[in-house]
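Asks: Input file: query12.pdb. Contents: PDB, C-alpha atoms.
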```pdb
MODEL        1
ATOM      1  CA  MET A   1      22.954  -1.389  28.206
ATOM      2  CA  ILE A   2      22.048   2.288  27.883
ATOM      3  CA  ASP A   3      23.540   4.732  30.384
ATOM      4  CA  ARG A   4      20.941   5.784  33.006
ATOM      5  CA  THR A   5      21.131   9.503  32.162
ATOM      6  CA  ILE A   6      20.752   8.810  28.455
ATOM      7  CA  LYS A   7      17.842   6.428  29.111
ATOM      8  CA  ARG A   8      16.048   8.973  31.317
ATOM      9  CA  SER A   9      16.544  11.703  28.732
ATOM     10  CA  LEU A  10      15.347   9.520  25.841
ATOM     11  CA  GLY A  11      12.406   8.500  28.021
ATOM     12  CA  GLN A  12      11.102  12.067  27.863
ATOM     13  CA  MET A  13      10.351  11.665  24.146
ATOM     14  CA  MET A  14       6.593  11.484  23.632
ATOM     15  CA  LYS A  15       5.324   9.526  20.641
ATOM     16  CA  GLY A  16       2.011   8.390  19.162
ATOM     17  CA  VAL A  17       0.904   4.825  19.894
ATOM     18  CA  GLU A  18       0.061   2.407  17.097
ATOM     19  CA  VAL A  19      -0.680  -1.281  16.818
ATOM     20  CA  VAL A  20       1.235  -2.969  14.001
ATOM     21  CA  GLY A  21      -0.389  -6.113  12.623
ATOM     22  CA  ALA A  22       0.494  -8.792  10.104
ATOM     23  CA  ARG A  23      -1.075 -11.960   8.742
ATOM     24  CA  HIS A  24       0.467 -14.873   6.868
ATOM     25  CA  GLU A  25      -1.092 -18.231   5.997
ATOM     26  CA  GLY A  26      -4.063 -17.509   8.279
ATOM     27  CA  VAL A  27      -2.006 -16.594  11.358
ATOM     28  CA  ALA A  28      -2.490 -13.027  12.620
ATOM     29  CA  ARG A  29      -0.409 -11.221  15.236
ATOM     30  CA  ALA A  30      -0.004  -7.615  16.372
ATOM     31  CA  TYR A  31       2.136  -5.548  18.713
ATOM     32  CA  THR A  32       1.930  -2.095  20.275
ATOM     33  CA  SER A  33       4.528   0.366  19.075
ATOM     34  CA  HIS A  34       5.456   3.976  19.527
ATOM     35  CA  TRP A  35       8.258   3.514  17.029
ATOM     36  CA  VAL A  36       6.326   3.967  13.777
ATOM     37  CA  THR A  37       6.907   7.227  11.957
ATOM     38  CA  GLN A  38       6.467   8.954   8.628
ATOM     39  CA  VAL A  39       9.880   9.446   7.014
ATOM     40  CA  SER A  40       9.113  11.293   3.775
ATOM     41  CA  PHE A  41       7.057  14.320   2.734
ATOM     42  CA  ASP A  42       7.075  13.553  -0.981
ATOM     43  CA  GLU A  43       6.087   9.891  -0.713
ATOM     44  CA  PRO A  44       3.856   8.032   1.775
ATOM     45  CA  ILE A  45       6.687   6.117   3.447
ATOM     46  CA  VAL A  46       6.772   4.948   7.063
ATOM     47  CA  LEU A  47       9.401   3.321   9.224
ATOM     48  CA  ALA A  48       8.521   0.646  11.770
ATOM     49  CA  SER A  49      11.026  -0.610  14.320
ATOM     50  CA  VAL A  50      10.367  -4.181  15.486
ATOM     51  CA  SER A  51      12.219  -6.814  17.451
ATOM     52  CA  PRO A  52      12.965  -9.958  15.418
ATOM     53  CA  LYS A  53      12.046 -11.871  18.604
ATOM     54  CA  HIS A  54       8.435 -10.690  18.407
ATOM     55  CA  ASP A  55       5.960 -13.183  16.959
ATOM     56  CA  THR A  56       4.639 -10.537  14.523
ATOM     57  CA  PHE A  57       8.031 -10.048  12.851
ATOM     58  CA  PRO A  58       8.183 -13.277  10.780
ATOM     59  CA  LEU A  59       4.604 -12.671   9.580
ATOM     60  CA  MET A  60       5.555  -9.165   8.408
ATOM     61  CA  VAL A  61       8.545 -10.492   6.518
ATOM     62  CA  ALA A  62       6.725 -13.489   4.995
ATOM     63  CA  SER A  63       3.684 -11.470   3.863
ATOM     64  CA  GLY A  64       5.698  -8.413   2.806
ATOM     65  CA  GLU A  65       3.161  -6.094   4.407
ATOM     66  CA  PHE A  66       1.721  -4.854   7.681
ATOM     67  CA  SER A  67      -1.029  -2.634   9.001
ATOM     68  CA  VAL A  68      -0.773   0.321  11.340
ATOM     69  CA  SER A  69      -3.760   1.122  13.557
ATOM     70  CA  ILE A  70      -3.333   4.624  14.987
ATOM     71  CA  LEU A  71      -4.829   4.493  18.476
ATOM     72  CA  ALA A  72      -7.118   7.141  19.970
ATOM     73  CA  GLY A  73      -6.744   8.364  23.540
ATOM     74  CA  ASP A  74      -9.580   6.120  24.729
ATOM     75  CA  GLN A  75      -7.853   2.956  23.432
ATOM     76  CA  ILE A  76      -5.368   2.398  26.253
ATOM     77  CA  THR A  77      -6.787  -1.101  26.847
ATOM     78  CA  GLU A  78      -5.949  -2.114  23.280
ATOM     79  CA  GLY A  79      -2.542  -0.452  23.528
ATOM     80  CA  GLN A  80      -1.758  -2.264  26.769
ATOM     81  CA  TYR A  81      -3.063  -5.618  25.491
ATOM     82  CA  PHE A  82      -0.860  -5.657  22.402
ATOM     83  CA  SER A  83       2.181  -4.478  24.366
ATOM     84  CA  TYR A  84       2.458  -7.990  25.812
ATOM     85  CA  PRO A  85       3.865 -10.824  23.719
ATOM     86  CA  GLY A  86       1.074 -13.104  22.475
ATOM     87  CA  ARG A  87       2.462 -16.071  24.354
ATOM     88  CA  LYS A  88       1.515 -14.418  27.671
ATOM     89  CA  PHE A  89      -2.174 -14.434  26.763
ATOM     90  CA  ARG A  90      -2.077 -17.776  24.902
ATOM     91  CA  ARG A  91      -4.934 -16.560  22.693
ATOM     92  CA  LEU A  92      -6.038 -13.517  20.746
ATOM     93  CA  PHE A  93      -8.901 -11.443  22.145
ATOM     94  CA  THR A  94     -11.011 -11.141  19.000
ATOM     95  CA  GLU A  95     -12.740  -7.934  20.098
ATOM     96  CA  TYR A  96      -9.380  -6.133  19.841
ATOM     97  CA  LEU A  97      -8.502  -7.279  16.321
ATOM     98  CA  ASP A  98     -10.473  -7.255  13.086
ATOM     99  CA  ASP A  99      -9.856  -8.037   9.412
ATOM    100  CA  TRP A 100      -8.680  -5.416   6.968
ATOM    101  CA  PRO A 101     -11.836  -3.944   5.343
ATOM    102  CA  ASP A 102     -12.912  -6.023   2.323
ATOM    103  CA  ASP A 103      -9.869  -8.311   2.617
ATOM    104  CA  PRO A 104      -9.963 -11.002   5.325
ATOM    105  CA  ALA A 105      -6.542 -12.252   4.162
ATOM    106  CA  GLY A 106      -4.988  -8.793   4.662
ATOM    107  CA  PRO A 107      -3.210  -7.534   7.757
ATOM    108  CA  PRO A 108      -5.387  -7.244  10.882
ATOM    109  CA  ILE A 109      -6.482  -3.920  12.402
ATOM    110  CA  VAL A 110      -7.682  -2.631  15.762
ATOM    111  CA  PRO A 111     -11.361  -1.570  15.529
ATOM    112  CA  ASN A 112     -12.376   2.050  16.271
ATOM    113  CA  SER A 113      -8.894   3.479  15.698
ATOM    114  CA  ILE A 114      -8.162   6.969  14.377
ATOM    115  CA  ALA A 115      -7.026   5.563  11.016
ATOM    116  CA  TRP A 116      -5.559   2.427   9.457
ATOM    117  CA  LEU A 117      -2.591   2.213   7.100
ATOM    118  CA  ARG A 118      -1.783  -0.751   4.886
ATOM    119  CA  CYS A 119       1.932  -0.765   4.218
ATOM    120  CA  ARG A 120       4.057  -2.687   1.684
ATOM    121  CA  ILE A 121       7.629  -3.408   2.814
ATOM    122  CA  PHE A 122      10.398  -2.373   0.422
ATOM    123  CA  GLU A 123      13.524  -2.264   2.615
ATOM    124  CA  ARG A 124      14.852  -3.619   5.909
ATOM    125  CA  THR A 125      17.861  -2.607   7.959
ATOM    126  CA  THR A 126      19.204  -4.754  10.776
ATOM    127  CA  MET A 127      20.143  -2.968  14.000
ATOM    128  CA  GLU A 128      21.625  -4.562  17.127
ATOM    129  CA  ASP A 129      18.302  -5.579  18.668
ATOM    130  CA  HIS A 130      15.639  -4.382  16.205
ATOM    131  CA  GLU A 131      14.875  -4.346  12.498
ATOM    132  CA  LEU A 132      14.006  -1.060  10.827
ATOM    133  CA  ILE A 133      11.338  -1.762   8.236
ATOM    134  CA  PHE A 134      10.622   0.818   5.543
ATOM    135  CA  ALA A 135       7.252   0.536   3.862
ATOM    136  CA  ARG A 136       5.095   2.428   1.391
ATOM    137  CA  VAL A 137       1.578   3.248   2.555
ATOM    138  CA  GLU A 138      -0.609   1.693  -0.141
ATOM    139  CA  GLU A 139      -4.039   2.137   1.383
ATOM    140  CA  VAL A 140      -5.585   4.282   4.107
ATOM    141  CA  VAL A 141      -8.936   3.937   5.828
ATOM    142  CA  GLU A 142     -10.127   6.895   7.873
ATOM    143  CA  GLY A 143     -11.573   6.159  11.270
ATOM    144  CA  ARG A 144     -12.112   8.626  14.094
ATOM    145  CA  LEU A 145      -9.773  11.325  12.735
ATOM    146  CA  LYS A 146     -11.061  14.033  15.093
ATOM    147  CA  GLU A 147     -10.169  12.073  18.231
ATOM    148  CA  PRO A 148      -6.983  12.961  20.120
ATOM    149  CA  PRO A 149      -4.279  10.296  19.767
ATOM    150  CA  LEU A 150      -2.892   8.069  22.491
ATOM    151  CA  LEU A 151       0.720   8.967  23.349
ATOM    152  CA  TYR A 152       3.485   7.176  25.230
ATOM    153  CA  SER A 153       6.757   8.037  26.895
ATOM    154  CA  SER A 154       8.790   5.435  28.781
ATOM    155  CA  ARG A 155       9.386   8.046  31.476
ATOM    156  CA  LEU A 156       5.890   9.595  31.666
ATOM    157  CA  GLY A 157       3.740   6.609  30.624
ATOM    158  CA  TRP A 158       0.441   6.750  28.719
ATOM    159  CA  ARG A 159      -1.017  10.158  27.839
ATOM    160  CA  VAL A 160      -3.714  11.628  25.635
ATOM    161  CA  ALA A 161      -2.937  14.523  23.292
ATOM    162  CA  GLY A 162      -5.309  17.405  23.589
ATOM    163  CA  ASP A 163      -4.586  20.994  24.514
ATOM    164  CA  ARG A 164      -3.160  23.293  21.869
ATOM    165  CA  ALA A 165       0.375  24.545  22.406
ATOM    166  CA  ARG A 166      -0.447  28.044  21.110
ATOM    167  CA  GLU A 167      -3.405  30.397  21.134
ATOM    168  CA  PRO A 168      -5.896  30.125  18.243
ATOM    169  CA  GLY A 169      -5.278  32.806  15.626
ATOM    170  CA  VAL A 170      -1.685  33.428  16.735
ATOM    171  CA  SER A 171       0.953  32.543  14.169
ATOM    172  CA  ILE A 172       4.332  31.939  15.749
ATOM    173  CA  ARG A 173       5.750  31.586  12.234
ATOM    174  CA  ASP A 174       4.490  35.062  11.290
ATOM    175  CA  GLN A 175       5.952  36.525  14.491
ATOM    176  CA  LEU A 176       9.339  35.000  13.725
ATOM    177  CA  LEU A 177       9.240  36.273  10.133
ATOM    178  CA  GLU A 178       8.442  39.794  11.397
ATOM    179  CA  ARG A 179      11.578  39.701  13.531
ATOM    180  CA  LEU A 180      13.647  38.990  10.413
ATOM    181  CA  ASP A 181      12.416  42.168   8.699
TER     182      ASP A 181
ENDMDL
END
```
Rewrite the structure from the file as structure tokens, please.

Replies:
Amino acid sequence: MIDRTIKRSLGQMMKGVEVVGARHEGVARAYTSHWVTQVSFDEPIVLASVSPKHDTFPLMVASGEFSVSILAGDQITEGQYFSYPGRKFRRLFTEYLDDWPDDPAGPPIVPNSIAWLRCRIFERTTMEDHELIFARVEEVVEGRLKEPPLLYSSRLGWRVAGDRAREPGVSIRDQLLERLD
């Protein structure tokens, strides 16, 4: 169990929200995650952290691939829906999940997302309670790229990205470089 102070501090970390989906032998499942991240600048590699207890995990492993639907700020319903294990709903709400474009056997996606990534697994690392899955992004479909993303923090809850952190036309980098001169 994580120490309360550590948990509260880690809970301040704000991350984008994605739905990770997989399909194998006609069975499709998906889960909400804020633990998917790009891990390389030179190659399109992502890391997904997933519990082996989740019903999506064996489908990811068996198929060797998964999809990532990057959720927009107006997709909190989809984010909340897939944050529950499938057994709680006893069925899949079809309006929240669609086939990969031009490949009904591919991993499922959430309609109207910011973008969709199709990822091929190449390495797995077992942690105490999760698996870290490294995958190469093999295909990308652009969706609503101009929409602000949905964010999540275990301490602050659901949020929508939006306001800029600096004034337009002001380069903090340039200001810092001037100080070095």

Asks: Have a look at A:Glu25, A:Glu178, A:Glu131, A:Glu78 and name the one nearest to Ser63 in chain A; count only C-alpha atoms.

Replies: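 Ranking A:Glu25, A:Glu178, A:Glu131, A:Glu78 by distance to Ser63 in chain A, first place goes to A:Glu25.
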
Asks: Let me know the residues the PyMOL selection byres ((chain A and resi 152) around 9) catches in the file above, as a count of residues only.

Replies: 16

Asks: I'd like the contact shell of Ser69 in chain A - 8 Å cut-off, all atoms listed in the file, skipping same-chain residues fewer than 2 positions apart - returned as an NGL selection string.

Replies: :A and (18-20 or 67 or 71 or 109-110 or 113-117)

Asks: Taking into account only C-alpha atoms, which residue in the set A:Ala22, A:Ile2, A:Val137, A:Leu180 is nearest to Val61 in chain A?

Replies: A:Ala22

Asks: Please, what distance in Å, to one decimal, runs between CA of Arg124 in chain A and CA of Lys7 in chain A?

Replies: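 Separation between CA of Arg124 in chain A and CA of Lys7 in chain A: 25.5 Å.
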
Asks: Between A:Glu65, A:Asp102, A:Glu43, A:Asp163, which has the minimum distance to Arg23 in chain A (counting all atoms listed in the file)?

Replies: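 So, comparing all the options, the nearest one is A:Glu65.
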
Asks: Considering all atoms listed in the file, can you say which of A:Ser33, A:Gln12, A:Val68, A:Met127 comes closest to Val140 in chain A?

Replies: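 So, comparing all the options, the nearest one is A:Val68.
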
Asks: Counting only C-alpha atoms, figure out which residue out of A:Phe57, A:Ile133, A:Ile45, A:Ala72 gets nearest to Gly162 in chain A.

Replies: A:Ala72

Asks: Run the PyMOL selection byres ((chain A and resi 125) around 12) on the file and write out the hits as a PyMOL selection string.

Replies: chain A and resi 47-52+121-124+126-135

Asks: Between A:Met1, A:Val170, A:Val141, A:Val27, single out the one closest to Cys119 in chain A, counting only C-alpha atoms.

Replies: A:Val141

Asks: Just the number, please: distance in Å from CA of Thr37 in chain A to CA of Arg166 in chain A, one decimal.

Replies: 23.9 Å

Asks: What box, with edges along x, y and z, holds each listed atom of range 104-109 of chain A when 6 Å is added on every side, and can you state its centre and edge lengths in Å to one decimal, as JSON?

Replies:
```
{"center_x": -6.6, "center_y": -8.1, "center_z": 8.3, "size_x": 18.8, "size_y": 20.3, "size_z": 20.2}
```

Asks: Extract range 132-179 of chain A from the structure I just pasted (atoms: N, CA and C atoms) and return it as an mmCIF file, in the first residue's frame.

Replies:
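Resulting contents of selection_25.cif:
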```
data_model
loop_
_atom_site.group_PDB
_atom_site.id
_atom_site.type_symbol
_atom_site.label_atom_id
_atom_site.label_comp_id
_atom_site.auth_asym_id
_atom_site.auth_seq_id
_atom_site.Cartn_x
_atom_site.Cartn_y
_atom_site.Cartn_z
ATOM 1 N N LEU A 132 3.864 -3.504 -18.068
ATOM 2 C CA LEU A 132 4.246 -2.392 -18.932
ATOM 3 C C LEU A 132 4.407 -2.975 -20.325
ATOM 4 N N ILE A 133 3.634 -2.443 -21.266
ATOM 5 C CA ILE A 133 3.637 -2.965 -22.623
ATOM 6 C C ILE A 133 4.199 -1.897 -23.556
ATOM 7 N N PHE A 134 5.298 -2.224 -24.198
ATOM 8 C CA PHE A 134 5.926 -1.326 -25.172
ATOM 9 C C PHE A 134 5.437 -1.715 -26.557
ATOM 10 N N ALA A 135 5.056 -0.708 -27.333
ATOM 11 C CA ALA A 135 4.519 -0.995 -28.661
ATOM 12 C C ALA A 135 4.936 0.083 -29.649
ATOM 13 N N ARG A 136 5.073 -0.324 -30.884
ATOM 14 C CA ARG A 136 5.396 0.593 -31.985
ATOM 15 C C ARG A 136 4.088 1.042 -32.627
ATOM 16 N N VAL A 137 3.937 2.348 -32.795
ATOM 17 C CA VAL A 137 2.757 2.878 -33.473
ATOM 18 C C VAL A 137 2.917 2.599 -34.961
ATOM 19 N N GLU A 138 2.031 1.758 -35.494
ATOM 20 C CA GLU A 138 2.131 1.356 -36.903
ATOM 21 C C GLU A 138 1.188 2.108 -37.814
ATOM 22 N N GLU A 139 0.140 2.670 -37.239
ATOM 23 C CA GLU A 139 -0.833 3.399 -38.056
ATOM 24 C C GLU A 139 -1.490 4.468 -37.182
ATOM 25 N N VAL A 140 -1.770 5.603 -37.800
ATOM 26 C CA VAL A 140 -2.438 6.702 -37.101
ATOM 27 C C VAL A 140 -3.573 7.206 -37.974
ATOM 28 N N VAL A 141 -4.707 7.464 -37.350
ATOM 29 C CA VAL A 141 -5.833 8.085 -38.035
ATOM 30 C C VAL A 141 -6.148 9.369 -37.279
ATOM 31 N N GLU A 142 -6.115 10.482 -37.993
ATOM 32 C CA GLU A 142 -6.428 11.768 -37.370
ATOM 33 C C GLU A 142 -7.928 11.897 -37.180
ATOM 34 N N GLY A 143 -8.300 12.440 -36.060
ATOM 35 C CA GLY A 143 -9.705 12.715 -35.778
ATOM 36 C C GLY A 143 -9.882 14.207 -35.583
ATOM 37 N N ARG A 144 -10.296 14.588 -34.400
ATOM 38 C CA ARG A 144 -10.546 15.998 -34.087
ATOM 39 C C ARG A 144 -9.312 16.604 -33.412
ATOM 40 N N LEU A 145 -8.224 16.721 -34.161
ATOM 41 C CA LEU A 145 -6.934 17.152 -33.612
ATOM 42 C C LEU A 145 -6.954 18.535 -32.957
ATOM 43 N N LYS A 146 -7.871 19.392 -33.341
ATOM 44 C CA LYS A 146 -7.891 20.749 -32.772
ATOM 45 C C LYS A 146 -8.639 20.829 -31.449
ATOM 46 N N GLU A 147 -9.280 19.748 -31.045
ATOM 47 C CA GLU A 147 -10.031 19.744 -29.789
ATOM 48 C C GLU A 147 -9.085 19.613 -28.594
ATOM 49 N N PRO A 148 -9.404 20.260 -27.484
ATOM 50 C CA PRO A 148 -8.582 20.077 -26.282
ATOM 51 C C PRO A 148 -8.785 18.672 -25.704
ATOM 52 N N PRO A 149 -7.714 18.060 -25.205
ATOM 53 C CA PRO A 149 -7.821 16.700 -24.684
ATOM 54 C C PRO A 149 -8.455 16.635 -23.294
ATOM 55 N N LEU A 150 -9.011 15.469 -23.003
ATOM 56 C CA LEU A 150 -9.515 15.159 -21.674
ATOM 57 C C LEU A 150 -8.318 14.784 -20.805
ATOM 58 N N LEU A 151 -8.277 15.300 -19.583
ATOM 59 C CA LEU A 151 -7.181 15.021 -18.654
ATOM 60 C C LEU A 151 -7.730 14.391 -17.384
ATOM 61 N N TYR A 152 -6.839 13.729 -16.628
ATOM 62 C CA TYR A 152 -7.263 13.127 -15.369
ATOM 63 C C TYR A 152 -6.133 13.177 -14.349
ATOM 64 N N SER A 153 -6.525 13.414 -13.125
ATOM 65 C CA SER A 153 -5.640 13.334 -11.971
ATOM 66 C C SER A 153 -6.436 12.643 -10.877
ATOM 67 N N SER A 154 -5.849 11.671 -10.201
ATOM 68 C CA SER A 154 -6.593 10.970 -9.149
ATOM 69 C C SER A 154 -6.952 11.910 -8.001
ATOM 70 N N ARG A 155 -6.245 12.989 -7.864
ATOM 71 C CA ARG A 155 -6.534 13.958 -6.803
ATOM 72 C C ARG A 155 -7.523 15.026 -7.265
ATOM 73 N N LEU A 156 -7.417 15.469 -8.521
ATOM 74 C CA LEU A 156 -8.253 16.562 -9.022
ATOM 75 C C LEU A 156 -9.411 16.098 -9.895
ATOM 76 N N GLY A 157 -9.399 14.838 -10.333
ATOM 77 C CA GLY A 157 -10.482 14.304 -11.157
ATOM 78 C C GLY A 157 -10.338 14.667 -12.625
ATOM 79 N N TRP A 158 -11.462 14.659 -13.338
ATOM 80 C CA TRP A 158 -11.514 14.913 -14.776
ATOM 81 C C TRP A 158 -11.378 16.394 -15.054
ATOM 82 N N ARG A 159 -10.592 16.733 -16.073
ATOM 83 C CA ARG A 159 -10.383 18.125 -16.485
ATOM 84 C C ARG A 159 -10.287 18.178 -18.006
ATOM 85 N N VAL A 160 -10.397 19.385 -18.527
ATOM 86 C CA VAL A 160 -10.219 19.608 -19.959
ATOM 87 C C VAL A 160 -9.068 20.582 -20.124
ATOM 88 N N ALA A 161 -8.105 20.231 -20.989
ATOM 89 C CA ALA A 161 -6.988 21.138 -21.261
ATOM 90 C C ALA A 161 -7.531 22.322 -22.046
ATOM 91 N N GLY A 162 -6.884 23.443 -21.930
ATOM 92 C CA GLY A 162 -7.394 24.577 -22.686
ATOM 93 C C GLY A 162 -6.476 25.771 -22.695
ATOM 94 N N ASP A 163 -6.504 26.548 -21.636
ATOM 95 C CA ASP A 163 -5.767 27.807 -21.600
ATOM 96 C C ASP A 163 -4.270 27.592 -21.767
ATOM 97 N N ARG A 164 -3.658 28.534 -22.499
ATOM 98 C CA ARG A 164 -2.208 28.494 -22.683
ATOM 99 C C ARG A 164 -1.507 28.875 -21.381
ATOM 100 N N ALA A 165 -0.344 28.309 -21.173
ATOM 101 C CA ALA A 165 0.427 28.589 -19.962
ATOM 102 C C ALA A 165 1.318 29.819 -20.121
ATOM 103 N N ARG A 166 1.462 30.325 -21.337
ATOM 104 C CA ARG A 166 2.267 31.532 -21.561
ATOM 105 C C ARG A 166 1.566 32.411 -22.592
ATOM 106 N N GLU A 167 1.979 33.659 -22.633
ATOM 107 C CA GLU A 167 1.380 34.611 -23.565
ATOM 108 C C GLU A 167 1.803 34.297 -24.996
ATOM 109 N N PRO A 168 0.884 34.462 -25.971
ATOM 110 C CA PRO A 168 1.264 34.261 -27.374
ATOM 111 C C PRO A 168 2.382 35.227 -27.767
ATOM 112 N N GLY A 169 3.345 34.731 -28.510
ATOM 113 C CA GLY A 169 4.447 35.566 -28.981
ATOM 114 C C GLY A 169 5.589 35.710 -27.994
ATOM 115 N N VAL A 170 5.444 35.188 -26.789
ATOM 116 C CA VAL A 170 6.495 35.272 -25.779
ATOM 117 C C VAL A 170 7.224 33.933 -25.743
ATOM 118 N N SER A 171 8.527 33.984 -25.935
ATOM 119 C CA SER A 171 9.327 32.765 -25.921
ATOM 120 C C SER A 171 10.117 32.693 -24.616
ATOM 121 N N ILE A 172 9.666 31.821 -23.743
ATOM 122 C CA ILE A 172 10.384 31.615 -22.480
ATOM 123 C C ILE A 172 11.786 31.092 -22.771
ATOM 124 N N ARG A 173 11.892 30.226 -23.768
ATOM 125 C CA ARG A 173 13.201 29.678 -24.154
ATOM 126 C C ARG A 173 14.155 30.802 -24.531
ATOM 127 N N ASP A 174 13.683 31.743 -25.376
ATOM 128 C CA ASP A 174 14.534 32.862 -25.780
ATOM 129 C C ASP A 174 14.937 33.722 -24.575
ATOM 130 N N GLN A 175 14.029 33.934 -23.652
ATOM 131 C CA GLN A 175 14.341 34.710 -22.453
ATOM 132 C C GLN A 175 15.419 34.031 -21.628
ATOM 133 N N LEU A 176 15.320 32.722 -21.493
ATOM 134 C CA LEU A 176 16.332 31.977 -20.737
ATOM 135 C C LEU A 176 17.677 32.012 -21.434
ATOM 136 N N LEU A 177 17.683 31.904 -22.767
ATOM 137 C CA LEU A 177 18.942 31.959 -23.516
ATOM 138 C C LEU A 177 19.595 33.346 -23.400
ATOM 139 N N GLU A 178 18.778 34.401 -23.369
ATOM 140 C CA GLU A 178 19.325 35.750 -23.187
ATOM 141 C C GLU A 178 20.033 35.877 -21.849
ATOM 142 N N ARG A 179 19.514 35.243 -20.839
ATOM 143 C CA ARG A 179 20.139 35.314 -19.507
ATOM 144 C C ARG A 179 21.498 34.633 -19.495
#
```
